[in-house]
Amino acid sequence: MMTFDQILFYALAVIAVLSAIMVITRRNPVHSALFLITTLFCVAGIYLQLHAEFLAAVQVIVYVGGIMVLFLFVIMLVNLETLSQERRFNRQWHIAILVSVVLLVEFGTIIWRGKAALQLPANQPLMDTLTTNNSEQLGVVLYQQYMLPFEIASFLLLVAIIGAVILAKRRLSSDGK
Amino acid sequence: MSDLTVFLINTTIKSIVVIGAMLGAVAYSTWLERKLVAHLQVRWGPHRVGWHGLLQPIADGLKFIFKEDIIPTEASKFIYILAPTIAFIPALLSISVIPFGSLGFFGSHAVRFQITDLNIGLLFIFAVTSLGVYGVALGGWASNNKYSLMGALRSSAQMISYELSLGLSVVSVLLVAGTLSLEKIVELQSGTWFGFIPKWNIFVLPLFISFFTYFVSAIAETNRVPFDLPEAESELVAGFHTEYSSMKFALFFLAEYANMLTVSALATTLFFGGWHGPAFGPLWLQGLLPLFWFLAKVFAFMFFYIWTRGTLPRFRYDQLMAFGWKFLMPLAIANVILTSFVVAWKG
């Protein structure tokens with residue numbers, strides 16, 4: 001007999017995996033994007049089950065509300081008629097296979113070694129989980145314990161933003177000539 | 001009764017009441033808009049159906065239901081039907097965390113005037129409202145029509161751009177309040193300074209700027225004049241909902257008004273003290289007054305929305321984008337920094 005939580009988890013997990021498969025098998029990119037959104041929602045649901053409300057909300061705001069809208073935007077802008085007739089495999093497939101194999105080996109190792117492989121460095125709970133909520137704990141951990149990695153990550157993002165702007169600008173100025 | 005049954009009954013009743021009230025309010029905002037704009041332009045507005053046209057929304061609703069529902073042959077059918085629903089559901093969902101009154105008592109049961117108080121309430125609203133853009137984008141794409149697609153692209157570009165300054169303007173409220181729960185944010189705004197200035201966030205020094213950025217970007221988020229580019233009828237026929245008819249069109253229409261109500265309710269909650277206001281009179285009146293103050297504030301915002309529609313012309317598209325990215329966003333970021341300094345200085 002499964003508990004309500006377990007039923008919910010398996011439902012979310014099954015839907016997430018099935019829609020993930022649909023993402024790569026659909027021919028219409030808009031349908032793929034919609035299935036990816038479904039997957040992201042299910043993952044947000046699983047975060048909620050782990051009492052990570054902040055992460056769940058941010059997952060929906062950033063991925064579903066932001067990034068996927070941009071994806072959809074780009075898909076709508078490019079001409080779909082020509083896209084569906086183009087070859088689906090491009091020159092990057094060698095690298096793609098390499099990356100997938102590495103990832104597969106990683107996941108395989110984790111599953112093979114079981115739960116013991118997932119032992120992260122001992123993490124003492126900083127606060128009483130009953131009195132402080134998840135967002136507060138995350139803030140304290142992020143801005144006190146992991147201040148430097150956090151700053152480095154934000155710096156990397158800034159560099160990426162500036163890089164994107166420069167790439168877009170260069171194309172604009174060459175078009176103008 | 002066990003705790004779970006009490007909770008279920010409680011929540012079901014509250015949801016039905018709130019959603020019913022919301023739908024009624026949405027229907028009558030359309031009446032308010034037509035009537036107000038008419039009077040601003042020295043016309044009468046609807047006045048045939050019922051007293052001062054008060055039955056007009058019901059007549060309109062019936063008309064929407066009985067209109068022919070057309071699905072274009074070239075449309076991708078499933079998404080075409082799905083899109084209005086995607087636009088409508090988030091618009092209703094976000095009202096569920098907004099507190100619209102203090103505790104009320106029914107017999108021995110204490111009932112909160114709020115469907116639920118999430119400790120990530122504010123994030124929940126942002127997560128839910130950020131989904132509304134899908135209704136617009138998918139509706140425009142699925143119609144398979146150039147005007148619809150252009151309208152959808154314009155609209156989603158606008159909504160994404162202004163969502164950034166909307167989110168950033170709320171960060172300063174968070175910095176001052178220190179919590180994401182809307183209930184607590186309202187609680188922190190009780191009391192007065194010097195006995196007559198209410199302790200609302202709008203009167204806290206740097207938060208005035210964030211209210212400005214919040215409300216301007218919220219008007220753009222809800223696609224209203226002067227930012228109603230997505231449905232600029234003189235350029236785009238009707239924008240993303242050109243192909244929609246009957247109840248599907250009505251859903252887009254209702255979603256717009258529901259979003260306006262949500263934005264007004266959130267502005268009230270975050271900046272204008274929520275349901276706080278002078279309480280006086282007998283006990284039963286004191287219980288109902290918070291609800292009245294909340295509704296009065298929301299009404300004031302709705303009035304302002306319609307007032308701007310009757311007053312301002314539409315922005316040009318490049319002006320809209322430049323205003324969002326080059327003025328509103330830097331202002332919101334500067335305001336976050338300013339507020340952090342003020343909060344740090346106050347300790």
# chains A, B, ... in the order shown; residues from 1 in each chain; ligands from 1
>>> residues_around(residues="region 331-339 of chain B", least_positions_apart="2", cutoff="12 Å", atoms="only C-alpha atoms", output="number ranges by chain")
B: 162-177, 204-217, 323-329, 341-346
>>> write_last_selection(atoms="C-alpha atoms", output="tab-separated table (two decimals), in the first residue's frame")
chain	number	residue	atom	x	y	z
B	162	TYR	CA	8.15	44.35	-18.32
B	163	GLU	CA	8.08	41.27	-16.10
B	164	LEU	CA	11.71	42.03	-15.21
B	165	SER	CA	11.03	45.48	-13.83
B	166	LEU	CA	7.86	44.17	-12.21
B	167	GLY	CA	9.87	41.54	-10.32
B	168	LEU	CA	12.64	43.97	-9.42
B	169	SER	CA	10.24	46.58	-8.06
B	170	VAL	CA	8.82	44.04	-5.63
B	171	VAL	CA	12.30	43.11	-4.35
B	172	SER	CA	12.49	46.36	-2.38
B	173	VAL	CA	9.21	45.55	-0.61
B	174	LEU	CA	10.72	42.19	0.32
B	175	LEU	CA	13.84	43.89	1.65
B	176	VAL	CA	11.76	46.10	3.92
B	177	ALA	CA	9.30	43.41	4.99
B	204	VAL	CA	8.25	54.31	3.47
B	205	LEU	CA	10.85	56.44	1.72
B	206	PRO	CA	12.41	54.49	-1.21
B	207	LEU	CA	9.32	52.34	-1.71
B	208	PHE	CA	7.52	55.19	-3.42
B	209	ILE	CA	9.78	54.64	-6.41
B	210	SER	CA	9.15	50.91	-6.39
B	211	PHE	CA	5.42	51.56	-6.38
B	212	PHE	CA	5.88	53.72	-9.46
B	213	THR	CA	7.92	51.06	-11.30
B	214	TYR	CA	5.53	48.35	-10.10
B	215	PHE	CA	2.41	50.02	-11.33
B	216	VAL	CA	3.81	51.17	-14.66
B	217	SER	CA	5.16	47.72	-15.48
B	323	PHE	CA	10.99	52.85	-22.00
B	324	GLY	CA	10.95	49.38	-20.49
B	325	TRP	CA	14.61	48.51	-20.93
B	326	LYS	CA	16.36	51.87	-20.78
B	327	PHE	CA	14.33	53.68	-18.15
B	328	LEU	CA	12.13	51.43	-16.03
B	329	MET	CA	14.61	48.60	-15.55
B	341	PHE	CA	21.29	50.77	1.79
B	342	VAL	CA	18.35	52.21	3.69
B	343	VAL	CA	17.49	48.83	5.23
B	344	ALA	CA	21.15	48.20	6.16
B	345	TRP	CA	21.46	51.70	7.65
B	346	LYS	CA	18.34	51.27	9.75
>>> interface_residues(of="chain A", to="chain B", cutoff="10 Å", atoms="only C-alpha atoms", output="PyMOL selection string")
chain A and resi 30-31+34+53-54+56-70+72-74+76-77+133-136
>>> select_by_dssp(residues="region 59-225 of chain B", states="helix (DSSP H, G or I)", output="VMD selection string")
chain B and resid 59 to 66 77 to 97 121 to 129 132 to 142 146 to 177 182 to 187 201 to 203 207 to 221
>>> write_last_selection(atoms="C-alpha atoms", output="tab-separated table (two decimals), in the first residue's frame")
chain	number	residue	atom	x	y	z
B	59	ALA	CA	-26.50	40.23	-21.69
B	60	ASP	CA	-22.94	40.21	-23.02
B	61	GLY	CA	-22.22	36.88	-21.34
B	62	LEU	CA	-25.31	35.31	-22.89
B	63	LYS	CA	-24.36	36.73	-26.26
B	64	PHE	CA	-20.86	35.22	-25.98
B	65	ILE	CA	-22.29	31.80	-25.19
B	66	PHE	CA	-24.70	31.78	-28.13
B	77	LYS	CA	-6.70	22.60	-33.12
B	78	PHE	CA	-5.60	21.32	-29.72
B	79	ILE	CA	-3.37	24.27	-28.91
B	80	TYR	CA	-5.96	26.65	-30.36
B	81	ILE	CA	-8.48	25.39	-27.81
B	82	LEU	CA	-5.94	25.12	-25.01
B	83	ALA	CA	-4.63	28.70	-25.28
B	84	PRO	CA	-7.63	30.62	-23.86
B	85	THR	CA	-7.72	28.23	-20.90
B	86	ILE	CA	-4.02	28.77	-20.25
B	87	ALA	CA	-4.65	32.52	-20.28
B	88	PHE	CA	-7.65	32.30	-17.97
B	89	ILE	CA	-6.63	29.83	-15.24
B	90	PRO	CA	-3.49	31.65	-13.99
B	91	ALA	CA	-5.50	34.88	-13.88
B	92	LEU	CA	-7.92	33.29	-11.42
B	93	LEU	CA	-5.33	31.26	-9.54
B	94	SER	CA	-3.23	34.18	-8.36
B	95	ILE	CA	-6.05	35.65	-6.27
B	96	SER	CA	-5.85	32.61	-3.95
B	97	VAL	CA	-2.98	33.94	-1.81
B	121	GLY	CA	2.98	33.79	-1.45
B	122	LEU	CA	4.61	36.53	-3.45
B	123	LEU	CA	6.72	34.09	-5.47
B	124	PHE	CA	3.60	32.02	-6.08
B	125	ILE	CA	1.86	35.02	-7.62
B	126	PHE	CA	4.84	35.74	-9.84
B	127	ALA	CA	5.12	32.09	-10.87
B	128	VAL	CA	1.44	31.91	-11.76
B	129	THR	CA	1.18	35.23	-13.56
B	132	GLY	CA	-0.31	34.01	-18.65
B	133	VAL	CA	2.03	34.86	-21.50
B	134	TYR	CA	1.66	31.31	-22.85
B	135	GLY	CA	-2.03	31.84	-23.50
B	136	VAL	CA	-1.21	34.85	-25.62
B	137	ALA	CA	1.78	33.36	-27.43
B	138	LEU	CA	0.20	29.98	-28.15
B	139	GLY	CA	-3.16	31.49	-29.11
B	140	GLY	CA	-1.48	33.72	-31.67
B	141	TRP	CA	0.66	30.91	-33.02
B	142	ALA	CA	-2.07	28.28	-33.21
B	146	LYS	CA	-0.14	36.62	-39.71
B	147	TYR	CA	-1.89	39.27	-37.65
B	148	SER	CA	-2.37	36.88	-34.76
B	149	LEU	CA	1.27	35.78	-34.87
B	150	MET	CA	2.57	39.34	-35.01
B	151	GLY	CA	0.28	40.30	-32.16
B	152	ALA	CA	1.42	37.31	-30.13
B	153	LEU	CA	5.10	38.05	-30.72
B	154	ARG	CA	4.67	41.69	-29.80
B	155	SER	CA	2.69	40.80	-26.76
B	156	SER	CA	5.08	38.18	-25.42
B	157	ALA	CA	8.09	40.43	-26.04
B	158	GLN	CA	6.36	43.18	-24.10
B	159	MET	CA	5.29	40.90	-21.28
B	160	ILE	CA	8.76	39.39	-20.86
B	161	SER	CA	10.42	42.83	-20.89
B	162	TYR	CA	8.15	44.35	-18.32
B	163	GLU	CA	8.08	41.27	-16.10
B	164	LEU	CA	11.71	42.03	-15.21
B	165	SER	CA	11.03	45.48	-13.83
B	166	LEU	CA	7.86	44.17	-12.21
B	167	GLY	CA	9.87	41.54	-10.32
B	168	LEU	CA	12.64	43.97	-9.42
B	169	SER	CA	10.24	46.58	-8.06
B	170	VAL	CA	8.82	44.04	-5.63
B	171	VAL	CA	12.30	43.11	-4.35
B	172	SER	CA	12.49	46.36	-2.38
B	173	VAL	CA	9.21	45.55	-0.61
B	174	LEU	CA	10.72	42.19	0.32
B	175	LEU	CA	13.84	43.89	1.65
B	176	VAL	CA	11.76	46.10	3.92
B	177	ALA	CA	9.30	43.41	4.99
B	182	LEU	CA	1.49	38.33	1.89
B	183	GLU	CA	-0.34	37.94	5.20
B	184	LYS	CA	2.76	39.05	7.11
B	185	ILE	CA	3.51	41.88	4.68
B	186	VAL	CA	0.03	43.26	5.39
B	187	GLU	CA	0.48	42.75	9.14
B	201	ASN	CA	4.69	50.81	2.47
B	202	ILE	CA	3.97	53.60	0.01
B	203	PHE	CA	4.97	56.10	2.72
B	207	LEU	CA	9.32	52.34	-1.71
B	208	PHE	CA	7.52	55.19	-3.42
B	209	ILE	CA	9.78	54.64	-6.41
B	210	SER	CA	9.15	50.91	-6.39
B	211	PHE	CA	5.42	51.56	-6.38
B	212	PHE	CA	5.88	53.72	-9.46
B	213	THR	CA	7.92	51.06	-11.30
B	214	TYR	CA	5.53	48.35	-10.10
B	215	PHE	CA	2.41	50.02	-11.33
B	216	VAL	CA	3.81	51.17	-14.66
B	217	SER	CA	5.16	47.72	-15.48
B	218	ALA	CA	1.94	46.15	-14.22
B	219	ILE	CA	-0.07	48.23	-16.69
B	220	ALA	CA	2.27	47.00	-19.42
B	221	GLU	CA	2.00	43.41	-18.14
>>> atom_distance(atom1="CA of Val17 (chain A)", atom2="CA of Phe4 (chain A)")
20.1 Å
>>> residues_around(residues="Trp200 (chain B)", least_positions_apart="4", cutoff="9 Å", atoms="only C-alpha atoms", output="NGL selection string")
:B and (186 or 188-192 or 204 or 270-274 or 276)
>>> write_last_selection(atoms="C-alpha atoms", output="PDB file, in the first residue's frame")
ATOM      1  CA  VAL B 186       0.034  43.259   5.393  1.00  0.00           C
ATOM      2  CA  LEU B 188       3.695  44.789   9.080  1.00  0.00           C
ATOM      3  CA  GLN B 189       1.801  47.733   7.637  1.00  0.00           C
ATOM      4  CA  SER B 190      -0.572  48.164  10.593  1.00  0.00           C
ATOM      5  CA  GLY B 191      -0.496  51.203  12.857  1.00  0.00           C
ATOM      6  CA  THR B 192       0.300  54.839  12.186  1.00  0.00           C
ATOM      7  CA  VAL B 204       8.252  54.313   3.467  1.00  0.00           C
ATOM      8  CA  LEU B 270       2.150  45.402  -1.051  1.00  0.00           C
ATOM      9  CA  PHE B 271       2.037  49.195  -0.941  1.00  0.00           C
ATOM     10  CA  PHE B 272      -1.278  50.402   0.458  1.00  0.00           C
ATOM     11  CA  GLY B 273      -1.628  48.431   3.662  1.00  0.00           C
ATOM     12  CA  GLY B 274      -3.911  45.686   2.346  1.00  0.00           C
ATOM     13  CA  HIS B 276      -5.914  48.089   6.968  1.00  0.00           C
TER      14      HIS B 276
END
>>> residues_around(residues="Ile306 (chain B)", least_positions_apart="2", cutoff="9 Å", atoms="only C-alpha atoms", output="CSV table (one decimal) with C-alpha atoms, in the first residue's frame")
chain,number,residue,atom,x,y,z
B,32,LEU,CA,-17.4,50.0,-15.2
B,33,GLU,CA,-14.9,50.4,-18.0
B,34,ARG,CA,-17.5,51.1,-20.7
B,36,LEU,CA,-16.5,55.4,-17.2
B,37,VAL,CA,-14.8,55.8,-20.5
B,225,VAL,CA,-3.4,51.6,-22.5
B,301,PHE,CA,-6.8,51.2,-8.8
B,302,MET,CA,-9.4,49.9,-11.3
B,303,PHE,CA,-10.7,53.4,-11.6
B,304,PHE,CA,-7.1,54.6,-12.3
B,308,THR,CA,-5.6,56.3,-18.0
B,309,ARG,CA,-7.3,54.5,-20.8
B,310,GLY,CA,-9.6,57.4,-21.3
B,311,THR,CA,-6.7,59.9,-21.2
>>> atom_distance(atom1="CA of His47 (chain B)", atom2="CA of Gly24 (chain B)")
19.0 Å
>>> closest_residue(among="B:Tyr244, B:Trp51, B:Phe227, B:Trp293", to="Tyr305 (chain B)", atoms="only C-alpha atoms")
B:Phe227
>>> select_by_dssp(residues="region 35-235 of chain B", states="strand (DSSP E)", output="short mmCIF file (atom, residue, chain, number, x, y, z; two decimals) with C-alpha atoms, in the first residue's frame")
data_model
loop_
_atom_site.label_atom_id
_atom_site.label_comp_id
_atom_site.auth_asym_id
_atom_site.auth_seq_id
_atom_site.Cartn_x
_atom_site.Cartn_y
_atom_site.Cartn_z
CA GLY B 101 -9.58 40.89 5.41
CA SER B 102 -8.54 40.15 8.97
CA LEU B 103 -9.79 37.13 10.90
CA GLY B 104 -13.54 36.63 10.89
CA PHE B 105 -15.60 34.45 13.20
CA PHE B 106 -18.40 32.14 12.15
CA HIS B 109 -14.63 28.87 13.81
CA ALA B 110 -12.00 31.48 13.10
CA VAL B 111 -11.88 32.02 9.34
CA ARG B 112 -9.08 33.81 7.58
CA PHE B 113 -10.20 36.10 4.75
CA THR B 192 0.30 54.84 12.19
CA TRP B 193 3.11 57.38 12.41
CA ILE B 197 -0.06 58.82 8.67
CA PRO B 198 -0.80 55.12 8.14
#
>>> residues_around(residues="region 18-27 of chain A", least_positions_apart="3", cutoff="9 Å", atoms="only C-alpha atoms", output="list in words")
Ala13, Val14, Ile15, Val30, His31, Ser32, Ala33, Leu34, Phe35, Leu36, Ile37, Thr38, Thr39 and Ser84 of chain A
>>> write_last_selection(atoms="C-alpha atoms", output="PDB file, in the first residue's frame")
ATOM      1  CA  ALA A  13       7.925  11.263 -12.061  1.00  0.00           C
ATOM      2  CA  VAL A  14       6.155   9.193 -14.735  1.00  0.00           C
ATOM      3  CA  ILE A  15       4.655  12.279 -16.379  1.00  0.00           C
ATOM      4  CA  VAL A  30       6.196  23.971 -30.551  1.00  0.00           C
ATOM      5  CA  HIS A  31       4.844  20.639 -29.288  1.00  0.00           C
ATOM      6  CA  SER A  32       8.335  19.731 -28.033  1.00  0.00           C
ATOM      7  CA  ALA A  33       8.491  23.008 -26.138  1.00  0.00           C
ATOM      8  CA  LEU A  34       5.100  22.367 -24.561  1.00  0.00           C
ATOM      9  CA  PHE A  35       6.177  18.914 -23.418  1.00  0.00           C
ATOM     10  CA  LEU A  36       9.357  20.379 -21.954  1.00  0.00           C
ATOM     11  CA  ILE A  37       7.179  22.813 -19.998  1.00  0.00           C
ATOM     12  CA  THR A  38       5.171  19.860 -18.665  1.00  0.00           C
ATOM     13  CA  THR A  39       8.391  18.168 -17.551  1.00  0.00           C
ATOM     14  CA  SER A  84      10.498  20.617 -40.524  1.00  0.00           C
TER      15      SER A  84
END
